[in-house]
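Trainee: One file is attached below, target05.cif, containing mmCIF, C-alpha atoms and all ligand atoms.
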```cif
data_model
loop_
_atom_site.label_atom_id
_atom_site.label_comp_id
_atom_site.auth_asym_id
_atom_site.auth_seq_id
_atom_site.Cartn_x
_atom_site.Cartn_y
_atom_site.Cartn_z
CA MET A 1 -202.52 122.00 -175.81
CA VAL A 2 -205.18 123.55 -173.58
CA ASN A 3 -204.30 124.54 -170.02
CA LEU A 4 -207.25 125.08 -167.65
CA ALA A 5 -205.22 126.20 -164.63
CA THR A 6 -206.29 129.35 -162.85
CA ARG A 7 -205.06 131.33 -159.87
CA TYR A 8 -207.62 132.33 -157.32
CA MET A 9 -206.68 134.48 -154.30
CA GLY A 10 -203.11 133.24 -154.62
CA LEU A 11 -204.23 129.58 -154.76
CA ASN A 12 -203.38 127.38 -157.73
CA LEU A 13 -206.42 125.59 -159.15
CA LYS A 14 -206.00 122.98 -161.87
CA ASN A 15 -209.27 124.15 -163.38
CA PRO A 16 -211.85 126.89 -162.68
CA ILE A 17 -214.64 124.74 -161.19
CA ILE A 18 -215.05 125.03 -157.43
CA VAL A 19 -217.70 122.99 -155.64
CA SER A 20 -219.73 125.57 -153.73
CA SER A 21 -220.46 125.25 -150.02
CA CYS A 22 -223.24 122.64 -149.62
CA SER A 23 -223.93 119.20 -148.22
CA LEU A 24 -221.72 117.60 -150.90
CA THR A 25 -218.74 119.04 -149.01
CA HIS A 26 -220.01 118.30 -145.51
CA SER A 27 -217.44 115.57 -144.85
CA ALA A 28 -213.89 114.61 -145.84
CA GLU A 29 -215.38 111.73 -147.86
CA GLY A 30 -217.62 114.20 -149.72
CA VAL A 31 -214.62 116.42 -150.42
CA LYS A 32 -212.73 113.38 -151.77
CA ARG A 33 -215.65 112.54 -154.07
CA CYS A 34 -215.57 116.11 -155.44
CA ALA A 35 -211.79 115.89 -155.95
CA ASP A 36 -212.10 112.51 -157.72
CA ALA A 37 -214.79 114.00 -159.96
CA GLY A 38 -212.27 116.63 -161.13
CA ALA A 39 -213.05 119.76 -159.08
CA GLY A 40 -210.41 122.51 -159.03
CA ALA A 41 -211.17 123.35 -155.38
CA VAL A 42 -213.92 122.86 -152.80
CA VAL A 43 -215.67 125.11 -150.33
CA LEU A 44 -216.71 123.17 -147.25
CA LYS A 45 -220.28 123.25 -145.98
CA SER A 46 -220.60 126.34 -143.77
CA LEU A 47 -220.32 126.33 -140.07
CA PHE A 48 -223.04 128.67 -138.93
CA GLU A 49 -222.33 131.34 -136.38
CA GLU A 50 -225.45 130.13 -134.58
CA GLN A 51 -223.92 126.65 -134.25
CA ILE A 52 -221.01 128.14 -132.38
CA ASN A 53 -223.26 130.28 -130.22
CA ALA A 54 -225.81 127.49 -129.58
CA ASP A 55 -223.18 125.32 -127.94
CA VAL A 56 -222.10 128.21 -125.78
CA LYS A 57 -225.69 128.89 -124.73
CA ALA A 58 -226.49 125.22 -124.04
CA LEU A 59 -223.62 125.07 -121.61
CA ALA A 60 -224.62 128.24 -119.86
CA ASP A 61 -228.30 127.20 -119.62
CA SER A 62 -227.41 123.82 -118.13
CA SER A 63 -225.86 125.41 -115.08
CA VAL A 64 -227.72 126.78 -112.07
CA THR A 65 -224.85 128.98 -111.02
CA GLN A 66 -224.49 132.56 -112.10
CA PHE A 67 -221.34 133.07 -114.06
CA HIS A 68 -218.78 135.70 -113.34
CA THR A 69 -217.40 137.50 -116.36
CA GLU A 70 -214.24 135.40 -116.43
CA GLU A 71 -216.21 132.17 -116.22
CA TRP A 72 -218.52 133.34 -118.98
CA ASP A 73 -215.51 134.13 -121.13
CA TYR A 74 -214.15 130.68 -120.38
CA ILE A 75 -217.41 128.96 -121.28
CA GLN A 76 -217.63 130.92 -124.49
CA ARG A 77 -214.16 129.70 -125.32
CA ILE A 78 -215.13 126.11 -124.58
CA GLY A 79 -218.08 126.58 -126.89
CA LEU A 80 -215.77 127.69 -129.65
CA ASP A 81 -213.40 124.83 -129.00
CA MET A 82 -216.16 122.23 -129.05
CA ASN A 83 -217.24 123.35 -132.48
CA ALA A 84 -213.67 123.64 -133.56
CA ASP A 85 -213.28 119.96 -132.82
CA GLU A 86 -215.93 118.83 -135.29
CA TYR A 87 -215.33 121.33 -138.03
CA LEU A 88 -211.57 121.33 -137.78
CA LYS A 89 -211.51 117.56 -138.05
CA ILE A 90 -213.29 117.78 -141.41
CA ILE A 91 -210.72 120.30 -142.63
CA GLU A 92 -207.79 118.22 -141.40
CA GLU A 93 -209.12 114.97 -142.86
CA SER A 94 -209.96 116.66 -146.15
CA LYS A 95 -206.45 118.01 -146.45
CA GLU A 96 -205.10 114.51 -145.86
CA LYS A 97 -207.35 112.98 -148.51
CA VAL A 98 -207.09 115.47 -151.38
CA ASP A 99 -204.50 117.49 -153.19
CA LEU A 100 -206.50 120.59 -154.01
CA PRO A 101 -207.35 123.81 -152.21
CA VAL A 102 -209.83 123.32 -149.36
CA ILE A 103 -211.71 126.49 -148.50
CA ALA A 104 -213.52 126.59 -145.16
CA SER A 105 -216.78 128.50 -144.87
CA LEU A 106 -218.42 130.46 -142.08
CA ASN A 107 -221.97 131.74 -142.30
CA CYS A 108 -222.32 134.83 -140.17
CA VAL A 109 -224.48 137.80 -139.28
CA SER A 110 -222.78 139.34 -136.27
CA ASN A 111 -219.38 140.67 -135.46
CA ASP A 112 -218.91 138.76 -132.25
CA LYS A 113 -216.51 136.57 -130.36
CA TRP A 114 -217.04 133.76 -132.88
CA THR A 115 -214.72 135.60 -135.29
CA GLU A 116 -211.84 134.13 -133.26
CA PHE A 117 -212.86 130.76 -134.63
CA ALA A 118 -211.15 131.75 -137.87
CA LYS A 119 -207.80 131.27 -136.11
CA TYR A 120 -208.50 127.58 -135.57
CA ILE A 121 -209.48 127.17 -139.21
CA GLU A 122 -206.16 128.55 -140.34
CA ALA A 123 -204.24 126.50 -137.78
CA VAL A 124 -205.48 123.15 -139.11
CA GLY A 125 -204.51 123.93 -142.67
CA ALA A 126 -207.48 125.38 -144.55
CA ASP A 127 -206.14 127.08 -147.66
CA ALA A 128 -208.61 129.94 -147.43
CA LEU A 129 -211.81 130.99 -145.69
CA GLU A 130 -215.05 132.03 -147.34
CA LEU A 131 -217.39 134.25 -145.35
CA ASN A 132 -221.04 133.97 -146.19
CA ILE A 133 -222.33 137.20 -144.68
CA ALA A 134 -226.11 137.09 -144.68
CA VAL A 135 -227.40 140.17 -142.92
CA MET A 136 -231.16 140.63 -143.32
CA PRO A 137 -232.24 144.22 -142.54
CA ARG A 138 -235.59 144.15 -140.73
CA GLN A 139 -235.78 147.39 -138.75
CA PHE A 140 -237.62 150.24 -140.42
CA ASP A 141 -235.21 152.87 -139.18
CA GLU A 142 -231.99 150.97 -139.81
CA ASP A 143 -229.35 153.13 -141.45
CA PRO A 144 -228.05 151.40 -144.63
CA ASP A 145 -224.62 152.88 -144.07
CA LYS A 146 -224.54 151.30 -140.64
CA ILE A 147 -225.47 147.91 -142.10
CA GLU A 148 -222.65 148.13 -144.63
CA LYS A 149 -220.19 149.20 -141.94
CA HIS A 150 -221.28 146.20 -139.89
CA ILE A 151 -220.58 143.84 -142.82
CA LEU A 152 -217.20 145.45 -143.37
CA SER A 153 -216.32 145.18 -139.69
CA ILE A 154 -216.98 141.40 -139.82
CA ILE A 155 -214.57 141.10 -142.74
CA SER A 156 -211.82 143.17 -141.13
CA ASN A 157 -212.27 141.47 -137.76
CA VAL A 158 -211.93 137.99 -139.28
CA LYS A 159 -209.04 139.08 -141.48
CA HIS A 160 -207.33 140.56 -138.44
CA ASN A 161 -207.26 137.05 -136.91
CA ILE A 162 -205.78 135.16 -139.87
CA ASN A 163 -203.27 135.29 -142.70
CA ILE A 164 -204.93 132.93 -145.18
CA PRO A 165 -206.98 134.63 -147.93
CA VAL A 166 -210.59 135.52 -147.17
CA ALA A 167 -213.29 135.36 -149.84
CA VAL A 168 -216.56 137.14 -149.18
CA LYS A 169 -219.76 135.69 -150.57
CA LEU A 170 -222.24 138.53 -150.93
CA GLY A 171 -225.92 138.63 -151.71
CA PRO A 172 -227.13 140.68 -154.68
CA TYR A 173 -229.14 143.25 -152.69
CA PHE A 174 -227.10 146.39 -152.19
CA THR A 175 -227.97 149.93 -153.24
CA SER A 176 -224.46 150.36 -154.62
CA MET A 177 -222.71 147.13 -155.53
CA PRO A 178 -219.51 148.93 -156.70
CA ARG A 179 -219.22 150.70 -153.36
CA ILE A 180 -219.70 147.64 -151.15
CA ALA A 181 -217.43 145.58 -153.42
CA LYS A 182 -214.60 148.12 -153.20
CA ALA A 183 -215.08 148.56 -149.47
CA ALA A 184 -215.05 144.77 -148.91
CA ARG A 185 -211.74 144.62 -150.73
CA LYS A 186 -210.38 147.43 -148.53
CA ALA A 187 -211.62 145.64 -145.40
CA GLY A 188 -209.50 142.60 -146.31
CA ALA A 189 -211.40 140.48 -148.85
CA SER A 190 -209.08 138.80 -151.35
CA ALA A 191 -212.05 137.70 -153.45
CA LEU A 192 -215.74 138.27 -153.90
CA VAL A 193 -218.11 135.42 -154.66
CA LEU A 194 -221.05 136.87 -156.58
CA PHE A 195 -223.73 136.06 -155.67
CA ASN A 196 -225.01 134.16 -152.72
CA ARG A 197 -228.43 132.60 -153.30
CA PHE A 198 -230.61 133.01 -150.24
CA TYR A 199 -233.05 130.28 -149.40
CA GLN A 200 -236.32 130.80 -151.23
CA THR A 201 -239.15 131.31 -148.83
CA ASP A 202 -242.75 130.42 -149.64
CA ILE A 203 -246.05 129.67 -147.92
CA ASN A 204 -248.44 126.77 -148.35
CA ILE A 205 -252.01 127.99 -148.91
CA ASN A 206 -253.53 124.64 -147.81
CA THR A 207 -251.62 124.03 -144.60
CA LEU A 208 -251.02 127.74 -143.95
CA GLU A 209 -247.46 126.89 -143.10
CA HIS A 210 -244.14 128.32 -144.16
CA GLU A 211 -242.11 126.40 -146.68
CA SER A 212 -238.75 126.64 -148.36
CA LYS A 213 -239.11 126.18 -152.12
CA ASN A 214 -236.83 125.96 -155.13
CA LYS A 215 -233.86 124.61 -153.29
CA TYR A 216 -231.90 124.50 -156.52
CA SER A 217 -231.18 127.37 -158.88
CA THR A 218 -232.00 127.41 -162.58
CA PRO A 219 -229.77 128.59 -165.45
CA ALA A 220 -232.03 131.64 -165.81
CA GLU A 221 -230.66 132.99 -162.52
CA MET A 222 -227.14 133.62 -163.82
CA SER A 223 -227.68 136.97 -165.52
CA ASN A 224 -227.13 139.19 -162.47
CA THR A 225 -223.82 137.50 -161.73
CA LEU A 226 -222.74 137.98 -165.32
CA ARG A 227 -223.57 141.68 -165.17
CA TRP A 228 -221.70 142.39 -161.95
CA ILE A 229 -218.60 140.36 -162.67
CA SER A 230 -218.40 142.19 -165.97
CA LEU A 231 -218.81 145.61 -164.36
CA LEU A 232 -216.37 144.97 -161.51
CA TYR A 233 -213.67 143.15 -163.47
CA GLN A 234 -210.27 144.83 -162.89
CA GLN A 235 -211.94 147.69 -161.05
CA ILE A 236 -211.58 146.74 -157.39
CA GLY A 237 -208.32 144.81 -157.14
CA CYS A 238 -209.57 141.41 -156.11
CA SER A 239 -210.55 138.08 -157.63
CA LEU A 240 -214.14 137.59 -158.70
CA VAL A 241 -215.92 134.25 -158.68
CA GLY A 242 -219.27 133.57 -160.31
CA ASN A 243 -221.95 131.79 -158.33
CA THR A 244 -225.69 131.07 -158.79
CA GLY A 245 -227.25 129.57 -161.88
CA ILE A 246 -224.05 128.21 -163.47
CA HIS A 247 -225.25 124.84 -164.74
CA ASN A 248 -223.29 124.01 -167.91
CA GLY A 249 -220.13 124.55 -169.93
CA GLU A 250 -221.58 127.50 -171.80
CA ALA A 251 -222.32 129.29 -168.52
CA LEU A 252 -218.78 128.55 -167.30
CA ILE A 253 -217.30 130.03 -170.49
CA LYS A 254 -219.49 133.14 -170.16
CA GLN A 255 -218.33 133.70 -166.60
CA ILE A 256 -214.68 133.65 -167.61
CA LEU A 257 -215.39 135.86 -170.61
CA VAL A 258 -216.75 138.56 -168.28
CA GLY A 259 -213.76 138.19 -165.95
CA ALA A 260 -214.32 135.44 -163.36
CA ARG A 261 -211.24 133.70 -161.96
CA ALA A 262 -213.39 130.63 -161.31
CA VAL A 263 -216.99 129.58 -160.72
CA GLU A 264 -218.66 127.95 -157.75
CA ILE A 265 -221.33 125.41 -158.62
CA CYS A 266 -223.78 123.45 -156.55
CA SER A 267 -227.35 123.01 -157.91
CA THR A 268 -226.20 121.49 -161.19
CA LEU A 269 -224.24 118.88 -159.20
CA TYR A 270 -227.31 117.91 -157.19
CA ILE A 271 -229.39 117.71 -160.38
CA HIS A 272 -226.90 115.93 -162.69
CA GLY A 273 -224.40 114.34 -160.31
CA LEU A 274 -220.68 115.00 -159.82
CA GLY A 275 -219.96 113.81 -163.38
CA ARG A 276 -221.22 117.26 -164.37
CA ILE A 277 -217.81 118.73 -163.48
CA ASN A 278 -215.95 116.88 -166.24
CA PHE A 279 -218.87 117.35 -168.62
CA MET A 280 -218.59 121.13 -168.17
CA LEU A 281 -214.79 121.06 -168.42
CA ASP A 282 -214.99 119.02 -171.65
CA ASP A 283 -217.26 121.68 -173.16
CA LEU A 284 -214.82 124.37 -172.07
CA VAL A 285 -211.87 122.53 -173.66
CA LYS A 286 -213.76 121.95 -176.93
CA TRP A 287 -214.72 125.61 -177.12
CA MET A 288 -211.15 126.77 -176.38
CA ILE A 289 -209.72 124.50 -179.09
CA ASP A 290 -212.34 125.75 -181.52
CA LYS A 291 -211.48 129.38 -180.73
CA GLY A 292 -207.71 128.78 -180.65
CA TYR A 293 -207.30 129.68 -176.96
CA GLU A 294 -204.64 127.87 -174.95
CA THR A 295 -205.15 129.33 -171.49
CA LEU A 296 -208.04 130.92 -169.60
CA ASP A 297 -206.15 134.21 -169.57
CA ASP A 298 -206.34 134.26 -173.38
CA PHE A 299 -210.02 135.12 -173.11
CA ARG A 300 -210.67 136.10 -169.50
CA GLY A 301 -212.41 139.46 -169.28
CA LYS A 302 -212.72 139.81 -173.07
CA MET A 303 -216.45 140.49 -172.66
CA SER A 304 -216.14 142.53 -169.46
CA PHE A 305 -217.49 146.03 -169.25
CA LYS A 306 -213.93 147.35 -169.41
CA ASN A 307 -212.98 145.43 -172.57
CA SER A 308 -216.31 145.07 -174.27
CA LYS A 309 -216.94 146.61 -177.65
CA GLN A 310 -220.51 147.20 -176.45
CA PRO A 311 -220.07 148.40 -172.85
CA ASP A 312 -223.56 149.89 -172.84
CA TYR A 313 -224.89 146.36 -173.00
CA PHE A 314 -224.63 146.12 -169.24
CA GLU A 315 -226.02 149.59 -168.66
CA ARG A 316 -229.16 151.66 -169.04
CA GLN A 317 -229.03 152.29 -172.78
CA GLN A 318 -229.44 148.59 -173.51
CA TYR A 319 -232.09 148.27 -170.84
CA ILE A 320 -234.17 150.98 -172.52
CA ARG A 321 -233.70 149.32 -175.91
CA ALA A 322 -234.78 145.94 -174.55
CA ILE A 323 -237.86 147.28 -172.80
CA VAL A 324 -238.93 149.44 -175.73
CA GLY A 325 -238.40 146.50 -178.08
CA ILE A 326 -240.78 144.22 -176.19
CA ASP A 327 -243.94 145.66 -177.77
C1 LIG A 401 -228.44 121.90 -150.28
C2 LIG A 401 -227.68 123.19 -150.27
C3 LIG A 401 -226.90 123.53 -149.16
C4 LIG A 401 -226.21 124.74 -149.14
N1 LIG A 401 -225.45 125.06 -148.05
C5 LIG A 401 -224.72 126.22 -148.05
C6 LIG A 401 -223.88 126.55 -146.97
O1 LIG A 401 -223.78 125.84 -145.96
N2 LIG A 401 -223.15 127.69 -147.06
C7 LIG A 401 -223.20 128.53 -148.14
O2 LIG A 401 -222.48 129.54 -148.17
N3 LIG A 401 -224.01 128.24 -149.19
C8 LIG A 401 -224.76 127.11 -149.16
N4 LIG A 401 -225.55 126.81 -150.23
C9 LIG A 401 -225.59 127.73 -151.36
C10 LIG A 401 -224.62 127.30 -152.46
O3 LIG A 401 -223.29 127.26 -151.99
C11 LIG A 401 -224.67 128.27 -153.66
O4 LIG A 401 -224.25 129.55 -153.24
C12 LIG A 401 -226.06 128.40 -154.24
O5 LIG A 401 -226.74 127.18 -154.31
C13 LIG A 401 -225.98 129.02 -155.64
O6 LIG A 401 -225.18 128.23 -156.50
P1 LIG A 401 -225.88 127.23 -157.57
O7 LIG A 401 -226.74 128.05 -158.42
O8 LIG A 401 -224.74 126.60 -158.30
O9 LIG A 401 -226.64 126.26 -156.77
C14 LIG A 401 -226.28 125.62 -150.26
C15 LIG A 401 -227.05 125.25 -151.36
C16 LIG A 401 -227.75 124.06 -151.39
C17 LIG A 401 -228.57 123.72 -152.59
#
```
Please lay out the structure from this file as structure tokens.

Mentor:
Amino acid sequence: MVNLATRYMGLNLKNPIIVSSCSLTHSAEGVKRCADAGAGAVVLKSLFEEQINADVKALADSSVTQFHTEEWDYIQRIGLDMNADEYLKIIEESKEKVDLPVIASLNCVSNDKWTEFAKYIEAVGADALELNIAVMPRQFDEDPDKIEKHILSIISNVKHNINIPVAVKLGPYFTSMPRIAKAARKAGASALVLFNRFYQTDININTLEHESKNKYSTPAEMSNTLRWISLLYQQIGCSLVGNTGIHNGEALIKQILVGARAVEICSTLYIHGLGRINFMLDDLVKWMIDKGYETLDDFRGKMSFKNSKQPDYFERQQYIRAIVGID
């Protein structure tokens, strides 16, 4: 008998497929649809830091009076509360409708007053919070160490406000992934979601306008996630979740083989529909029966860097071999 249950940041998931933050989880009804389709957990569509701040600014701009500091503080708080209303309602309603972990999501760039919003998220019953930290360095003299410290301060500031587990969804562009991963753990992350997929920018040569292209990932984009989950598995003391380019059962199996506690999927659900969840789980079950595995722990991390019989596969030696072999 195959058991697909997995523990992720102290949460019990009936299976390792989490619906990633996207418009499919933008409402309690959407969350219910994901639950009915067999998801192990859901990450709600992100509330953007700018959404919180925009409401605050709109209020301030609408007034002709100059605010004193206390009034400004008060208005900022109202701004937070107004957003809390909408977002918190989705969390509350989702928790009423489904019996699986509901993970809230905040998309952030600054370490500002908005971090207090996390308190409200915990108060209405979210099981965990995922932070999508998307800092885009643009200054030519910006110190990389300072950027990393900024990211870490967001994590510790949010964590300071709440007791529920915090997952951090990181992008793939760091000079030292092991260092930032370990530091994120130390700052309070219970899990790392690797990797965020930033929106794909493009330009139109006919209209000379900016465009966003390739909204959905392809299976070819999974390799970087595979590498880093493998390299970090059991090295930094927190759960690892695969994200980006996981489109089928084979990809799901590979992620667990390199050490993932679970995967977050999104593009494949937009392309194939929510039925894709059970389709992928069926493939996982068939493969486990074929291999004689009863639980995910029977094979989790078997192909990680730590446990691999060919650890160099993820490192330079193999890279040289591959490149030399091309000609
Ligand atoms: C339509 C759409 C909306 C998304 N919205 C969010 C969001 O609000 N917050 C977030 O962290 N990621 C968001 N994402 C990114 C996904 O959660 C996921 O990280 C990314 O698509 C990579 O996973 P995939 O390859 O399975 O699609 C969105 C993706 C799509 C396609």

Trainee: For ligand LIG 401 (chain A), which residue out of A:Asn248, A:Asn196, A:Ser304, A:Asn278 is the nearest one, using all atoms listed in the file?

Mentor: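 That would be A:Asn196, the residue with the smallest distance to ligand LIG 401 (chain A).
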
Trainee: Produce a table with one row for each residue of chain A that has an atom at most 7 Å from any atom of ligand LIG 401 (chain A), each row naming the nearest atom pair and its distance in Å at one decimal; use all atoms listed in the file; arrange rows by chain and rising residue number; format as JSON lines.

Mentor:
```
{"residue": "A:Ser20", "atom": "CA", "partner": "A:LIG401", "partner_atom": "O3", "distance": 4.3}
{"residue": "A:Ser21", "atom": "CA", "partner": "A:LIG401", "partner_atom": "O3", "distance": 4.0}
{"residue": "A:Cys22", "atom": "CA", "partner": "A:LIG401", "partner_atom": "N1", "distance": 3.6}
{"residue": "A:Ser23", "atom": "CA", "partner": "A:LIG401", "partner_atom": "C3", "distance": 5.3}
{"residue": "A:Lys45", "atom": "CA", "partner": "A:LIG401", "partner_atom": "O1", "distance": 4.4}
{"residue": "A:Ser46", "atom": "CA", "partner": "A:LIG401", "partner_atom": "O1", "distance": 3.9}
{"residue": "A:Leu47", "atom": "CA", "partner": "A:LIG401", "partner_atom": "O1", "distance": 6.8}
{"residue": "A:Ser105", "atom": "CA", "partner": "A:LIG401", "partner_atom": "O2", "distance": 6.7}
{"residue": "A:Asn107", "atom": "CA", "partner": "A:LIG401", "partner_atom": "O2", "distance": 6.3}
{"residue": "A:Asn132", "atom": "CA", "partner": "A:LIG401", "partner_atom": "O2", "distance": 5.1}
{"residue": "A:Phe195", "atom": "CA", "partner": "A:LIG401", "partner_atom": "O4", "distance": 7.0}
{"residue": "A:Asn196", "atom": "CA", "partner": "A:LIG401", "partner_atom": "O4", "distance": 4.7}
{"residue": "A:Arg197", "atom": "CA", "partner": "A:LIG401", "partner_atom": "C12", "distance": 4.9}
{"residue": "A:Lys215", "atom": "CA", "partner": "A:LIG401", "partner_atom": "C17", "distance": 5.4}
{"residue": "A:Tyr216", "atom": "CA", "partner": "A:LIG401", "partner_atom": "C17", "distance": 5.2}
{"residue": "A:Ser217", "atom": "CA", "partner": "A:LIG401", "partner_atom": "O7", "distance": 4.5}
{"residue": "A:Thr218", "atom": "CA", "partner": "A:LIG401", "partner_atom": "O7", "distance": 6.7}
{"residue": "A:Asn243", "atom": "CA", "partner": "A:LIG401", "partner_atom": "O6", "distance": 5.1}
{"residue": "A:Thr244", "atom": "CA", "partner": "A:LIG401", "partner_atom": "O7", "distance": 3.2}
{"residue": "A:Gly245", "atom": "CA", "partner": "A:LIG401", "partner_atom": "O7", "distance": 3.8}
{"residue": "A:Ile246", "atom": "CA", "partner": "A:LIG401", "partner_atom": "O8", "distance": 5.5}
{"residue": "A:His247", "atom": "CA", "partner": "A:LIG401", "partner_atom": "O8", "distance": 6.7}
{"residue": "A:Glu264", "atom": "CA", "partner": "A:LIG401", "partner_atom": "O8", "distance": 6.3}
{"residue": "A:Ile265", "atom": "CA", "partner": "A:LIG401", "partner_atom": "O8", "distance": 3.6}
{"residue": "A:Cys266", "atom": "CA", "partner": "A:LIG401", "partner_atom": "O8", "distance": 3.7}
{"residue": "A:Ser267", "atom": "CA", "partner": "A:LIG401", "partner_atom": "O9", "distance": 3.5}
{"residue": "A:Thr268", "atom": "CA", "partner": "A:LIG401", "partner_atom": "O8", "distance": 6.0}
```

Trainee: Which is closer to Val168 of chain A than all the others in A:Asn206, A:Ser239, A:Gln51, A:Ser212, using all atoms listed in the file?

Mentor: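 For Val168 of chain A, the nearest of the candidates is A:Ser239.
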
Trainee: Restricting the calculation to all atoms listed in the file, which member of A:His150, A:Lys95, A:Arg261, A:Arg179 is positioned closest to Asp112 of chain A?

Mentor: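 Ranking A:His150, A:Lys95, A:Arg261, A:Arg179 by distance to Asp112 of chain A, first place goes to A:His150.
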
Trainee: For a quick check of understanding, using all atoms listed in the file, which of A:Ile17, A:Met280, A:Tyr87, A:Thr25 has the smallest distance to Gly242 of chain A?

Mentor: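 Looking only at the distances to Gly242 of chain A, the closest residue turns out to be A:Ile17.
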
Trainee: Which residue is closest to Leu13 of chain A? Choose from A:Cys34, A:Ala39, A:Ala134, A:Ala183 and count only C-alpha atoms.

Mentor: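 Checking each candidate against Leu13 of chain A, we get A:Ala39 as the closest.
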
Trainee: Could you jot down the atom CA of Ile103 of chain A to atom CA of Leu129 of chain A separation for me, Å, one decimal place?

Mentor: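 Straight-line distance from atom CA of Ile103 of chain A to atom CA of Leu129 of chain A works out to 5.3 Å.
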
Trainee: Around all the atoms of segment 170-177 of chain A listed in the file, draw an axis-aligned box and extend it by 3 Å on each of the six sides; I want its centre and edge lengths in Å to one decimal, as JSON.

Mentor:
```
{"center_x": -225.7, "center_y": 144.4, "center_z": -153.2, "size_x": 12.9, "size_y": 17.8, "size_z": 10.6}
```

Trainee: How many Å lie between atom CA of Leu100 of chain A and atom CA of Gly292 of chain A, rounded to one decimal?

Mentor: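 Separation between atom CA of Leu100 of chain A and atom CA of Gly292 of chain A: 27.9 Å.
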